[in-house]
Amino acid sequence: MKIANMNEAGISRRNFIQRSVKGAIGAAILPTVLGSCSNWKGANDRIIVGHIGVGDRGTGELMTYFLPLREAMNIAVCDTFKERRESVANRINQFYKENNFTSEQCKSYLNMDELLERKDIDAVHIMTPDHWHVLAAIKAARAGKHIMLAKPLGLSFPQNLILAKELKANNVKFHYGTQQRSFKHMQLGYDLIRAGAIGEIGRADVWAPGPGGTSPVCNEVPVPAGFDFERWSGPAPLRPYCPERVTNIGSWYTYDYSIGFLAGWGAHPLDILVWIVKDKVNGNYSCDATGKYWAPGGLYDNIQSWDANLKYQNGFEVHFASHDVAGTKMLDHRELKESDGTTFYGTKGWISLSRASAQSDIPEINKKLNNFPKNKEGWIDSENNTMGSRFLSVVRGKEAELCPLDEAMISDTISHMGDIAIRTGRKITWDPQKGEVVGDMDANKLYTREMRPPYHV
């Protein structure tokens with residue numbers, strides 16, 4: 001029996017970044033990927049892309065999802081850290097120079113509004129901290145830019161509705177950054193379940209990593225030169241600065257900026273749930289949840305561990321939990337116990353889909369799900385670098401939106417209902433038609449964030 005955690009099966013964020021950098025370097029010498037300048041279409045035929053947020057993750061996706069693509073030209077980056085934005089712009093320019101590409105010089109920006117004002121930019125790749133996601137996307141939609149937006153979605157449901165309105169009003173394509181839909185074994189699982197291979201689906205288990213470690217104390221120090229902390233904070237409250245606050249981990253685990261891994265990693269397996277059984281999870285449901293917080297006294301104040309049970313009016317049930325809970329309640333049937341995944345239970349059997357494994361209790365289905373290349377540890381080698389090309393295909397109109405906003409709103413709201421149920425300590429009911437928790441004003445306040453002036457939508 002093999003057990004995977006966040007540092008195994010190629011699923012840790014750190015491993016992703018390391019692979020991203022290596023992939024970008026390798027791509028620079030692969031003519032089959034990049035081709036020579038003569039193999040490229042004219043510059044006017046390329047999709048011009050700007051990148052908002054170029055930290056570790058944003059840079060990793062830029063280098064693997066976009067930079068090697070013949071049909072893209074990356075000419076603008078934006079970040080609140082001066083060293084980041086200038087370094088990444090220089091790397092892009094160097095990459096194009098070394099590979100003899102005809103391209104404008106990539107420019108760096110502190111203010112995303114200046115990037116969005118450029119008429120030559122067709123699309124943006126948004127990889128900011130969570131609390132900026134929807135606000136940045138609204139700005140981009142109003143500027144007429146097609147959007148690839150990092151998960152999770154947002155912190156305020158009314159802002160989600162504004163984004164939906166702006167996408168429609170400005171004819172903007174949307175692409176949610178939950179890349180697991182592009183994995184071949186996930187696509188096979190989708191096809192099998194939708195074709196009725198395991199019968200009528202009545203319930204699902206969903207699990208994701210709950211973060212560990214110790215919460216640091218935030219001791220205020222001066223903001224370093226070259227970093228705009230006020231702009232980084234944006235619509236969130238302006239708190240005392242300390243370096244721990246503005247790291248990926250700091251923003252993931254602090255309530256001012258996110259609701260933690262409930263949404264930050266839960267977005268992946270919940271997205272697979274919505275993708276496959278959207279018709280069952282787009283109605284009213286109740287949520288009863290318990291959870292644990294970080295120990296008091298430190299910076300982190302999000303929920304660290306959770307156990308949520310959702311019951312839909314149509315009878316469908318979802319059990320959504322952190323991996324520490326899932327390990328004792330939801331993974332006993334799996335031979336490969338990955339730290340995130342989605343299991344669908346039907347009248348004929350079950351199928352369980354994770355980032356690097358897929359299993360079923362039906363032998364012939366299990367054989368199909370495992371007929372993919374695997375690494376030496378036995379994990380499926382997923383193609384992580386296809387989301388950029390899929391996004392460009394969506395922008396060009398060659399395929400429908402792979403990860404549309406309405407589905408992102410469904411999956412993201414499940415995370416918020418778990419968070420709200422734990423914070424209020426009571427069972428709640430979500431009505432997606434009204435966009436509110438039924439009969440609970442205090443609960444609804446937790447899904448509406450006030451924006452710090454002058455930031456607004």
# chains A, B, ... in the order shown; residues from 1 in each chain; ligands from 1

call {"tool": "residues_around", "arguments": {"residues": "A:Pro454", "least_positions_apart": "3", "cutoff": "10 Å", "atoms": "only C-alpha atoms", "output": "list in words"}}
result
Gly234, Pro235, Met451 and Val457 of chain A

call {"tool": "write_last_selection", "arguments": {"atoms": "N, CA and C atoms", "output": "PDB file, in the first residue's frame"}}
result
ATOM      1  N   GLY A 234      -3.742  45.906  -1.070  1.00  0.00           N
ATOM      2  CA  GLY A 234      -4.879  46.218  -1.919  1.00  0.00           C
ATOM      3  C   GLY A 234      -6.181  46.355  -1.151  1.00  0.00           C
ATOM      4  N   PRO A 235      -7.205  45.564  -1.525  1.00  0.00           N
ATOM      5  CA  PRO A 235      -8.518  45.698  -0.891  1.00  0.00           C
ATOM      6  C   PRO A 235      -8.585  45.148   0.523  1.00  0.00           C
ATOM      7  N   MET A 451     -14.064  46.276   1.054  1.00  0.00           N
ATOM      8  CA  MET A 451     -12.833  46.629   0.369  1.00  0.00           C
ATOM      9  C   MET A 451     -12.265  47.919   0.944  1.00  0.00           C
ATOM     10  N   VAL A 457     -14.759  48.058  -6.835  1.00  0.00           N
ATOM     11  CA  VAL A 457     -15.156  47.448  -8.104  1.00  0.00           C
ATOM     12  C   VAL A 457     -16.312  48.226  -8.734  1.00  0.00           C
TER      13      VAL A 457
END

call {"tool": "residues_around", "arguments": {"residues": "A:Val217", "least_positions_apart": "4", "cutoff": "8 Å", "atoms": "only C-alpha atoms", "output": "ChimeraX atom specification"}}
result
/A:297-299

call {"tool": "select_by_dssp", "arguments": {"residues": "stretch 115-254 of chain A", "states": "helix (DSSP H, G or I)", "output": "PyMOL selection string"}}
result
chain A and resi 115-116+130-142+157-169+179-182+184-194+229-233+243-246+248-252

call {"tool": "closest_residue", "arguments": {"among": "A:Pro216, A:Gly50, A:Gly264, A:Gly58", "to": "A:Lys145", "atoms": "only C-alpha atoms"}}
result
A:Gly50

call {"tool": "closest_residue", "arguments": {"among": "A:Val54, A:Ile428, A:Ile362, A:Ala443", "to": "A:Arg84", "atoms": "only C-alpha atoms"}}
result
A:Val54

call {"tool": "closest_atom_pairs", "arguments": {"of": "stretch 248-343 of chain A", "to": "stretch 126-140 of chain A", "cutoff": "7 Å", "atoms": "only C-alpha atoms", "output": "Markdown table"}}
result
| residue | atom | partner | partner_atom | distance |
| --- | --- | --- | --- | --- |
| A:Ser251 | CA | A:Pro129 | CA | 6.6 |
| A:Tyr257 | CA | A:His131 | CA | 4.7 |
| A:Ser258 | CA | A:Asp130 | CA | 5.7 |

call {"tool": "write_last_selection", "arguments": {"atoms": "C-alpha atoms", "output": "PDB file, in the first residue's frame"}}
result
ATOM      1  CA  SER A 251      -1.223  34.790   2.374  1.00  0.00           C
ATOM      2  CA  TYR A 257      -6.242  37.265   2.209  1.00  0.00           C
ATOM      3  CA  SER A 258      -7.852  33.825   1.840  1.00  0.00           C
TER       4      SER A 258
END

call {"tool": "residues_around", "arguments": {"residues": "A:Pro224", "least_positions_apart": "6", "cutoff": "12 Å", "atoms": "only C-alpha atoms", "output": "VMD selection string"}}
result
chain A and resid 80 to 83 241 to 243 246

call {"tool": "residues_around", "arguments": {"residues": "A:Leu405", "least_positions_apart": "6", "cutoff": "12 Å", "atoms": "only C-alpha atoms", "output": "PyMOL selection string"}}
result
chain A and resi 134+137+147-154+160-168+172-178+271+274-275+411-413

call {"tool": "write_last_selection", "arguments": {"atoms": "C-alpha atoms", "output": "mmCIF file, in the first residue's frame"}}
result
data_model
loop_
_atom_site.group_PDB
_atom_site.id
_atom_site.type_symbol
_atom_site.label_atom_id
_atom_site.label_comp_id
_atom_site.auth_asym_id
_atom_site.auth_seq_id
_atom_site.Cartn_x
_atom_site.Cartn_y
_atom_site.Cartn_z
ATOM 1 C CA VAL A 134 -11.475 38.585 -8.571
ATOM 2 C CA ALA A 137 -10.130 39.797 -13.100
ATOM 3 C CA ILE A 147 -8.535 35.908 -18.511
ATOM 4 C CA MET A 148 -6.736 32.893 -17.126
ATOM 5 C CA LEU A 149 -7.286 33.220 -13.375
ATOM 6 C CA ALA A 150 -5.519 31.304 -10.641
ATOM 7 C CA LYS A 151 -7.583 29.337 -8.189
ATOM 8 C CA PRO A 152 -9.182 29.741 -5.714
ATOM 9 C CA LEU A 153 -11.768 32.146 -7.025
ATOM 10 C CA GLY A 154 -12.587 34.869 -4.526
ATOM 11 C CA ASN A 160 -18.092 36.958 -8.297
ATOM 12 C CA LEU A 161 -21.406 38.158 -9.699
ATOM 13 C CA ILE A 162 -19.818 41.410 -10.874
ATOM 14 C CA LEU A 163 -17.109 39.429 -12.658
ATOM 15 C CA ALA A 164 -19.728 37.276 -14.396
ATOM 16 C CA LYS A 165 -21.529 40.419 -15.563
ATOM 17 C CA GLU A 166 -18.336 42.025 -16.867
ATOM 18 C CA LEU A 167 -17.238 38.898 -18.755
ATOM 19 C CA LYS A 168 -20.549 38.850 -20.603
ATOM 20 C CA VAL A 172 -14.278 38.083 -22.532
ATOM 21 C CA LYS A 173 -13.274 34.409 -22.337
ATOM 22 C CA PHE A 174 -12.542 32.986 -18.881
ATOM 23 C CA HIS A 175 -10.242 30.124 -17.943
ATOM 24 C CA TYR A 176 -10.018 28.956 -14.308
ATOM 25 C CA GLY A 177 -6.560 27.694 -13.380
ATOM 26 C CA THR A 178 -7.475 24.219 -12.118
ATOM 27 C CA ASP A 271 -13.416 21.301 -9.487
ATOM 28 C CA VAL A 274 -18.346 19.981 -10.363
ATOM 29 C CA TRP A 275 -16.926 19.135 -13.786
ATOM 30 C CA SER A 411 -16.777 24.713 -6.393
ATOM 31 C CA ASP A 412 -15.409 27.802 -4.648
ATOM 32 C CA THR A 413 -18.671 28.342 -2.786
#

call {"tool": "select_by_dssp", "arguments": {"residues": "stretch 229-310 of chain A", "states": "strand (DSSP E)", "output": "ChimeraX atom specification"}}
result
/A:285-293,303-310

call {"tool": "write_last_selection", "arguments": {"atoms": "N, CA and C atoms", "output": "PDB file, in the first residue's frame"}}
result
ATOM      1  N   TYR A 285     -28.249  23.331  -0.943  1.00  0.00           N
ATOM      2  CA  TYR A 285     -27.701  22.278  -0.088  1.00  0.00           C
ATOM      3  C   TYR A 285     -27.445  22.816   1.311  1.00  0.00           C
ATOM      4  N   SER A 286     -27.439  21.896   2.258  1.00  0.00           N
ATOM      5  CA  SER A 286     -27.064  22.237   3.619  1.00  0.00           C
ATOM      6  C   SER A 286     -25.630  21.815   3.850  1.00  0.00           C
ATOM      7  N   CYS A 287     -24.950  22.490   4.773  1.00  0.00           N
ATOM      8  CA  CYS A 287     -23.559  22.173   5.102  1.00  0.00           C
ATOM      9  C   CYS A 287     -23.402  22.154   6.610  1.00  0.00           C
ATOM     10  N   ASP A 288     -22.930  21.035   7.104  1.00  0.00           N
ATOM     11  CA  ASP A 288     -22.642  20.860   8.524  1.00  0.00           C
ATOM     12  C   ASP A 288     -21.158  20.538   8.625  1.00  0.00           C
ATOM     13  N   ALA A 289     -20.384  21.331   9.366  1.00  0.00           N
ATOM     14  CA  ALA A 289     -18.933  21.166   9.337  1.00  0.00           C
ATOM     15  C   ALA A 289     -18.308  21.434  10.700  1.00  0.00           C
ATOM     16  N   THR A 290     -17.199  20.768  10.934  1.00  0.00           N
ATOM     17  CA  THR A 290     -16.355  21.033  12.098  1.00  0.00           C
ATOM     18  C   THR A 290     -14.932  21.247  11.607  1.00  0.00           C
ATOM     19  N   GLY A 291     -14.108  21.920  12.418  1.00  0.00           N
ATOM     20  CA  GLY A 291     -12.737  22.173  11.994  1.00  0.00           C
ATOM     21  C   GLY A 291     -11.864  22.651  13.122  1.00  0.00           C
ATOM     22  N   LYS A 292     -10.573  22.752  12.808  1.00  0.00           N
ATOM     23  CA  LYS A 292      -9.586  23.225  13.774  1.00  0.00           C
ATOM     24  C   LYS A 292      -8.810  24.386  13.166  1.00  0.00           C
ATOM     25  N   TYR A 293      -8.465  25.347  14.028  1.00  0.00           N
ATOM     26  CA  TYR A 293      -7.692  26.511  13.605  1.00  0.00           C
ATOM     27  C   TYR A 293      -6.223  26.335  13.994  1.00  0.00           C
ATOM     28  N   ILE A 303      -8.610  28.204   8.955  1.00  0.00           N
ATOM     29  CA  ILE A 303      -8.933  26.847   9.396  1.00  0.00           C
ATOM     30  C   ILE A 303      -7.895  25.890   8.833  1.00  0.00           C
ATOM     31  N   GLN A 304      -7.341  25.059   9.698  1.00  0.00           N
ATOM     32  CA  GLN A 304      -6.240  24.180   9.330  1.00  0.00           C
ATOM     33  C   GLN A 304      -6.722  22.780   8.963  1.00  0.00           C
ATOM     34  N   SER A 305      -7.783  22.327   9.585  1.00  0.00           N
ATOM     35  CA  SER A 305      -8.319  20.986   9.367  1.00  0.00           C
ATOM     36  C   SER A 305      -9.840  21.079   9.347  1.00  0.00           C
ATOM     37  N   TRP A 306     -10.493  20.330   8.466  1.00  0.00           N
ATOM     38  CA  TRP A 306     -11.940  20.462   8.338  1.00  0.00           C
ATOM     39  C   TRP A 306     -12.611  19.146   7.972  1.00  0.00           C
ATOM     40  N   ASP A 307     -13.901  19.072   8.291  1.00  0.00           N
ATOM     41  CA  ASP A 307     -14.733  17.905   7.996  1.00  0.00           C
ATOM     42  C   ASP A 307     -16.141  18.422   7.722  1.00  0.00           C
ATOM     43  N   ALA A 308     -16.532  18.466   6.450  1.00  0.00           N
ATOM     44  CA  ALA A 308     -17.810  19.063   6.048  1.00  0.00           C
ATOM     45  C   ALA A 308     -18.678  18.032   5.336  1.00  0.00           C
ATOM     46  N   ASN A 309     -19.958  18.048   5.651  1.00  0.00           N
ATOM     47  CA  ASN A 309     -20.934  17.177   4.998  1.00  0.00           C
ATOM     48  C   ASN A 309     -22.004  18.027   4.341  1.00  0.00           C
ATOM     49  N   LEU A 310     -22.168  17.837   3.033  1.00  0.00           N
ATOM     50  CA  LEU A 310     -23.137  18.588   2.251  1.00  0.00           C
ATOM     51  C   LEU A 310     -24.267  17.662   1.828  1.00  0.00           C
TER      52      LEU A 310
END

call {"tool": "closest_residue", "arguments": {"among": "A:Ala141, A:Ala89, A:Ile52, A:Val206", "to": "A:Val325", "atoms": "only C-alpha atoms"}}
result
A:Val206
